[in-house]
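Just upload.cif here, mmCIF, C-alpha atoms:
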```cif
data_query
loop_
_atom_site.group_PDB
_atom_site.id
_atom_site.type_symbol
_atom_site.label_atom_id
_atom_site.label_comp_id
_atom_site.auth_asym_id
_atom_site.auth_seq_id
_atom_site.Cartn_x
_atom_site.Cartn_y
_atom_site.Cartn_z
ATOM 1 C CA MET A 86 64.050 -83.848 15.400
ATOM 2 C CA GLU A 87 61.334 -84.380 12.826
ATOM 3 C CA LYS A 88 62.330 -83.619 9.239
ATOM 4 C CA ASP A 89 60.766 -83.825 5.776
ATOM 5 C CA ILE A 90 57.377 -82.561 6.935
ATOM 6 C CA LEU A 91 54.716 -81.692 4.363
ATOM 7 C CA ALA A 92 51.894 -79.312 5.276
ATOM 8 C CA LEU A 93 48.598 -79.107 3.404
ATOM 9 C CA ASP A 94 45.867 -76.468 3.439
ATOM 10 C CA LEU A 95 42.849 -77.871 1.618
ATOM 11 C CA GLY A 96 40.182 -75.558 0.260
ATOM 12 C CA LYS A 97 37.134 -76.142 -1.914
ATOM 13 C CA GLY A 98 39.101 -75.525 -5.113
ATOM 14 C CA SER A 99 42.715 -75.170 -4.026
ATOM 15 C CA LEU A 100 45.431 -76.970 -2.132
ATOM 16 C CA GLY A 101 48.251 -75.037 -0.526
ATOM 17 C CA MET A 102 51.442 -76.908 0.297
ATOM 18 C CA ALA A 103 54.608 -76.191 2.257
ATOM 19 C CA ILE A 104 57.538 -78.368 3.271
ATOM 20 C CA SER A 105 60.307 -78.418 5.829
ATOM 21 C CA HIS A 106 63.211 -80.718 5.068
ATOM 22 C CA SER A 107 65.277 -79.484 8.008
ATOM 23 C CA GLY A 108 62.489 -79.439 10.578
ATOM 24 C CA MET A 109 63.226 -75.745 11.098
ATOM 25 C CA PHE A 110 62.984 -73.814 7.829
ATOM 26 C CA ILE A 111 59.747 -73.861 5.831
ATOM 27 C CA THR A 112 59.406 -73.502 2.075
ATOM 28 C CA PRO A 113 56.046 -72.774 0.443
ATOM 29 C CA LEU A 114 55.331 -75.003 -2.539
ATOM 30 C CA LYS A 115 53.031 -74.500 -5.490
ATOM 31 C CA ASN A 116 49.446 -73.477 -4.808
ATOM 32 C CA LEU A 117 47.367 -76.058 -6.672
ATOM 33 C CA ARG A 118 44.038 -75.154 -8.263
ATOM 34 C CA PHE A 119 41.344 -77.619 -9.249
ATOM 35 C CA LYS A 120 37.638 -77.550 -10.050
ATOM 36 C CA ALA A 121 35.704 -76.998 -6.814
ATOM 37 C CA GLY A 122 34.999 -80.294 -5.108
ATOM 38 C CA GLU A 123 37.176 -82.373 -7.459
ATOM 39 C CA TYR A 124 39.467 -83.719 -4.746
ATOM 40 C CA LYS A 125 40.666 -86.631 -6.889
ATOM 41 C CA ASP A 126 42.141 -84.012 -9.225
ATOM 42 C CA ALA A 127 43.733 -82.300 -6.217
ATOM 43 C CA ILE A 128 45.353 -85.565 -5.148
ATOM 44 C CA LYS A 129 46.663 -86.205 -8.666
ATOM 45 C CA LEU A 130 48.134 -82.691 -8.882
ATOM 46 C CA MET A 131 49.640 -83.089 -5.404
ATOM 47 C CA GLN A 132 51.298 -86.376 -6.307
ATOM 48 C CA GLU A 133 52.741 -84.878 -9.495
ATOM 49 C CA GLU A 134 54.084 -81.868 -7.603
ATOM 50 C CA LEU A 135 55.597 -84.011 -4.849
ATOM 51 C CA GLU A 136 57.258 -86.556 -7.105
ATOM 52 C CA GLY A 137 60.774 -87.133 -5.826
ATOM 53 C CA GLU A 138 60.167 -85.337 -2.520
ATOM 54 C CA LYS A 139 61.096 -87.155 0.655
ATOM 55 C CA ILE A 140 58.235 -86.991 3.159
ATOM 56 C CA GLN A 141 58.246 -88.460 6.662
ATOM 57 C CA THR A 142 55.223 -86.666 8.150
ATOM 58 C CA ILE A 143 52.159 -84.956 6.688
ATOM 59 C CA VAL A 144 50.312 -82.255 8.605
ATOM 60 C CA ILE A 145 46.978 -81.016 7.356
ATOM 61 C CA GLY A 146 44.978 -78.003 8.407
ATOM 62 C CA TRP A 147 41.989 -79.126 10.472
ATOM 63 C CA PRO A 148 39.039 -76.782 9.885
ATOM 64 C CA THR A 149 36.571 -75.967 12.660
ATOM 65 C CA TYR A 150 34.397 -73.100 13.782
ATOM 66 C CA PRO A 151 35.973 -70.731 16.333
ATOM 67 C CA SER A 152 34.180 -72.777 19.012
ATOM 68 C CA GLY A 153 36.110 -75.864 17.906
ATOM 69 C CA ASP A 154 32.991 -77.543 16.524
ATOM 70 C CA PRO A 155 33.152 -79.168 13.070
ATOM 71 C CA CYS A 156 32.376 -76.908 10.112
ATOM 72 C CA GLU A 157 31.383 -77.537 6.482
ATOM 73 C CA MET A 158 34.986 -78.395 5.497
ATOM 74 C CA THR A 159 35.706 -80.769 8.412
ATOM 75 C CA PRO A 160 34.199 -83.908 6.802
ATOM 76 C CA ILE A 161 35.762 -82.969 3.451
ATOM 77 C CA VAL A 162 39.230 -82.801 5.005
ATOM 78 C CA GLU A 163 38.558 -86.076 6.865
ATOM 79 C CA SER A 164 37.612 -87.746 3.568
ATOM 80 C CA PHE A 165 40.710 -86.270 1.889
ATOM 81 C CA ILE A 166 42.896 -87.747 4.629
ATOM 82 C CA HIS A 167 41.357 -91.193 4.054
ATOM 83 C CA LYS A 168 42.057 -90.873 0.319
ATOM 84 C CA ILE A 169 45.740 -89.959 0.709
ATOM 85 C CA GLU A 170 46.589 -92.395 3.527
ATOM 86 C CA PRO A 171 46.985 -95.395 1.164
ATOM 87 C CA LEU A 172 49.180 -93.308 -1.155
ATOM 88 C CA TYR A 173 51.648 -92.584 1.663
ATOM 89 C CA PRO A 174 51.746 -95.843 3.668
ATOM 90 C CA GLY A 175 53.517 -95.634 6.980
ATOM 91 C CA ILE A 176 53.603 -91.832 6.906
ATOM 92 C CA PRO A 177 51.674 -90.309 9.796
ATOM 93 C CA ILE A 178 49.066 -87.695 8.914
ATOM 94 C CA LYS A 179 48.537 -85.207 11.726
ATOM 95 C CA LYS A 180 45.707 -82.703 12.027
ATOM 96 C CA VAL A 181 46.652 -79.139 12.986
ATOM 97 C CA ASP A 182 44.160 -76.445 13.954
ATOM 98 C CA GLU A 183 43.907 -74.137 10.947
ATOM 99 C CA ARG A 184 41.663 -71.494 12.480
ATOM 100 C CA ASN A 185 42.672 -68.036 11.211
ATOM 101 C CA SER A 186 45.604 -69.468 9.214
ATOM 102 C CA THR A 187 44.465 -67.702 6.038
ATOM 103 C CA VAL A 188 44.084 -64.413 7.908
ATOM 104 C CA GLU A 189 47.570 -64.880 9.376
ATOM 105 C CA ALA A 190 48.925 -65.768 5.921
ATOM 106 C CA ALA A 191 47.380 -62.634 4.376
ATOM 107 C CA GLU A 192 48.937 -60.543 7.122
ATOM 108 C CA LEU A 193 52.373 -62.098 6.487
ATOM 109 C CA LEU A 194 52.095 -61.424 2.760
ATOM 110 C CA HIS A 195 50.935 -57.863 3.417
ATOM 111 C CA GLN A 196 53.925 -57.300 5.722
ATOM 112 C CA ASN A 197 56.131 -58.400 2.830
ATOM 113 C CA GLY A 198 54.584 -55.756 0.573
ATOM 114 C CA GLU A 199 52.103 -57.959 -1.261
ATOM 115 C CA LYS A 200 48.797 -56.296 -2.123
ATOM 116 C CA SER A 201 45.578 -58.208 -1.408
ATOM 117 C CA LYS A 202 44.704 -58.730 -5.087
ATOM 118 C CA LYS A 203 48.022 -60.495 -5.780
ATOM 119 C CA GLN A 204 47.788 -62.748 -2.721
ATOM 120 C CA LYS A 205 45.162 -65.101 -4.139
ATOM 121 C CA HIS A 206 47.753 -66.910 -6.264
ATOM 122 C CA HIS A 207 49.627 -68.230 -3.228
ATOM 123 C CA ILE A 208 47.575 -67.480 -0.113
ATOM 124 C CA ASP A 209 46.864 -71.189 0.451
ATOM 125 C CA SER A 210 50.545 -72.131 0.274
ATOM 126 C CA THR A 211 51.299 -69.359 2.744
ATOM 127 C CA ALA A 212 48.517 -70.704 4.990
ATOM 128 C CA ALA A 213 50.246 -74.108 4.736
ATOM 129 C CA VAL A 214 53.426 -72.378 5.966
ATOM 130 C CA VAL A 215 51.444 -71.025 8.944
ATOM 131 C CA ILE A 216 50.015 -74.498 9.655
ATOM 132 C CA LEU A 217 53.463 -76.103 9.449
ATOM 133 C CA ASN A 218 54.916 -73.441 11.736
ATOM 134 C CA ARG A 219 52.154 -74.163 14.269
ATOM 135 C CA TYR A 220 53.001 -77.859 14.103
ATOM 136 C CA LEU A 221 56.727 -77.227 14.551
ATOM 137 C CA ARG A 222 55.982 -75.031 17.585
ATOM 138 C CA SER A 223 53.722 -77.726 19.046
ATOM 139 C CA ILE A 224 56.579 -80.258 18.940
ATOM 140 C CA GLY A 225 59.148 -77.754 20.203
ATOM 141 C CA GLN A 226 61.022 -77.276 16.932
ATOM 142 C CA ALA A 227 60.147 -73.594 16.405
ATOM 143 C CA ASP A 228 59.748 -70.496 18.560
#
```
Would you mind writing the file's structure down as structure tokens?
Amino acid sequence: MEKDILALDLGKGSLGMAISHSGMFITPLKNLRFKAGEYKDAIKLMQEELEGEKIQTIVIGWPTYPSGDPCEMTPIVESFIHKIEPLYPGIPIKKVDERNSTVEAAELLHQNGEKSKKQKHHIDSTAAVVILNRYLRSIGQAD
């Protein structure tokens, strides 16, 4: 059973994170904000937030068009992966289809009584939860 899995949902000016230490239960982490396009700042904030966390696998939302073709964010996420790989040597970084993860996250928050206007503060972390859940299902660790 895989444990200590970190999920990332990278946006143009935000980074949502979620973690599963047990390989079953998922905890959303802080939704990080940075100046649009300043991914070095995002990495610094991520490292600060994750200090002391045990991580064995990283999954990152892989953005594409509904057709599966690369979109505007695809090369940005690819570059981000290359920047964090040396910071987490030996830790596999796996790409997970993120299509509609933000829509699914908004729906989850709405079901929990959260109005749309309040969702923006943690929508990306909730999308990271969705991405991590998809990964856990793909390896048979979640329903």
Name the residues captured by the PyMOL selection byres ((chain A and resi 163) around 12) when it is applied to the shown file; answer as a CSV table (one decimal) with C-alpha atoms, in the coordinates of the input.
```
chain,number,residue,atom,x,y,z
A,95,LEU,CA,42.8,-77.9,1.6
A,124,TYR,CA,39.5,-83.7,-4.7
A,145,ILE,CA,47.0,-81.0,7.4
A,146,GLY,CA,45.0,-78.0,8.4
A,147,TRP,CA,42.0,-79.1,10.5
A,148,PRO,CA,39.0,-76.8,9.9
A,149,THR,CA,36.6,-76.0,12.7
A,155,PRO,CA,33.2,-79.2,13.1
A,156,CYS,CA,32.4,-76.9,10.1
A,157,GLU,CA,31.4,-77.5,6.5
A,158,MET,CA,35.0,-78.4,5.5
A,159,THR,CA,35.7,-80.8,8.4
A,160,PRO,CA,34.2,-83.9,6.8
A,161,ILE,CA,35.8,-83.0,3.5
A,162,VAL,CA,39.2,-82.8,5.0
A,164,SER,CA,37.6,-87.7,3.6
A,165,PHE,CA,40.7,-86.3,1.9
A,166,ILE,CA,42.9,-87.7,4.6
A,167,HIS,CA,41.4,-91.2,4.1
A,168,LYS,CA,42.1,-90.9,0.3
A,169,ILE,CA,45.7,-90.0,0.7
A,170,GLU,CA,46.6,-92.4,3.5
A,178,ILE,CA,49.1,-87.7,8.9
A,179,LYS,CA,48.5,-85.2,11.7
A,180,LYS,CA,45.7,-82.7,12.0
```
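Between atom CA of His207 of chain A and atom CA of Pro113 of chain A the separation is 8.7 Å.
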Once the PyMOL selection byres ((chain A and resi 138) around 12) has been applied to the shown file, what residues remain in the selection, as an MDAnalysis selection string? chainID A and resid 89:91 103:106 114 131:137 139:142 173
Point-to-point distance from atom CA of Tyr150 of chain A to atom CA of Leu221 of chain A, Å rounded to tenths: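 These two atoms are separated by 22.7 Å.
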What's the separation between atom CA of Ile143 of chain A and atom CA of Asn116 of chain A, in Å to one decimal place?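 Answer for the atom CA of Ile143 of chain A to atom CA of Asn116 of chain A separation: 16.5 Å.
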On this structure, the PyMOL selection byres ((chain A and resi 213) around 7) would catch which residues? List them as number ranges by chain, sorted by chain and number. A: 92-94, 101-103, 209-212, 214-217
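Shortest separation to Ser107 of chain A among A:Met86, A:Ile128, A:Leu193, A:Ala121 occurs at residue A:Met86, atoms counted being all atoms listed in the file.
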Extract, using only C-alpha atoms, all DNA, RNA and protein residues at most 8 Å from Ala127 of chain A, discarding same-chain residues fewer than 4 positions from it, and format them as a PyMOL selection string. chain A and resi 99-100+117-119+123+131
Write out as a list in words the residues lying within 10 Å of Ile224 of chain A, counting only C-alpha atoms and excluding same-chain residues fewer than 4 positions away.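 Returned residues: Met86, Glu87, Arg219 and Tyr220 of chain A.
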Selection near Ala191 of chain A, 7 Å with only C-alpha atoms, sequence-local residues under 4 positions removed, as a ChimeraX atom specification: /A:187,195,208
Pick from A:Leu172, A:Ala227, A:Asn197, A:Pro151 nearest to Asn185 of chain A, counting all atoms listed in the file: A:Pro151
Hey, can I get the axis-aligned box for segment 124-142 of chain A? All listed atoms, 4 Å padding on each side, centre and edge lengths in Å to one decimal, as lines of an AutoDock Vina configuration file.
```
center_x = 50.3
center_y = -85.2
center_z = -0.7
size_x = 29.6
size_y = 14.6
size_z = 25.6
```
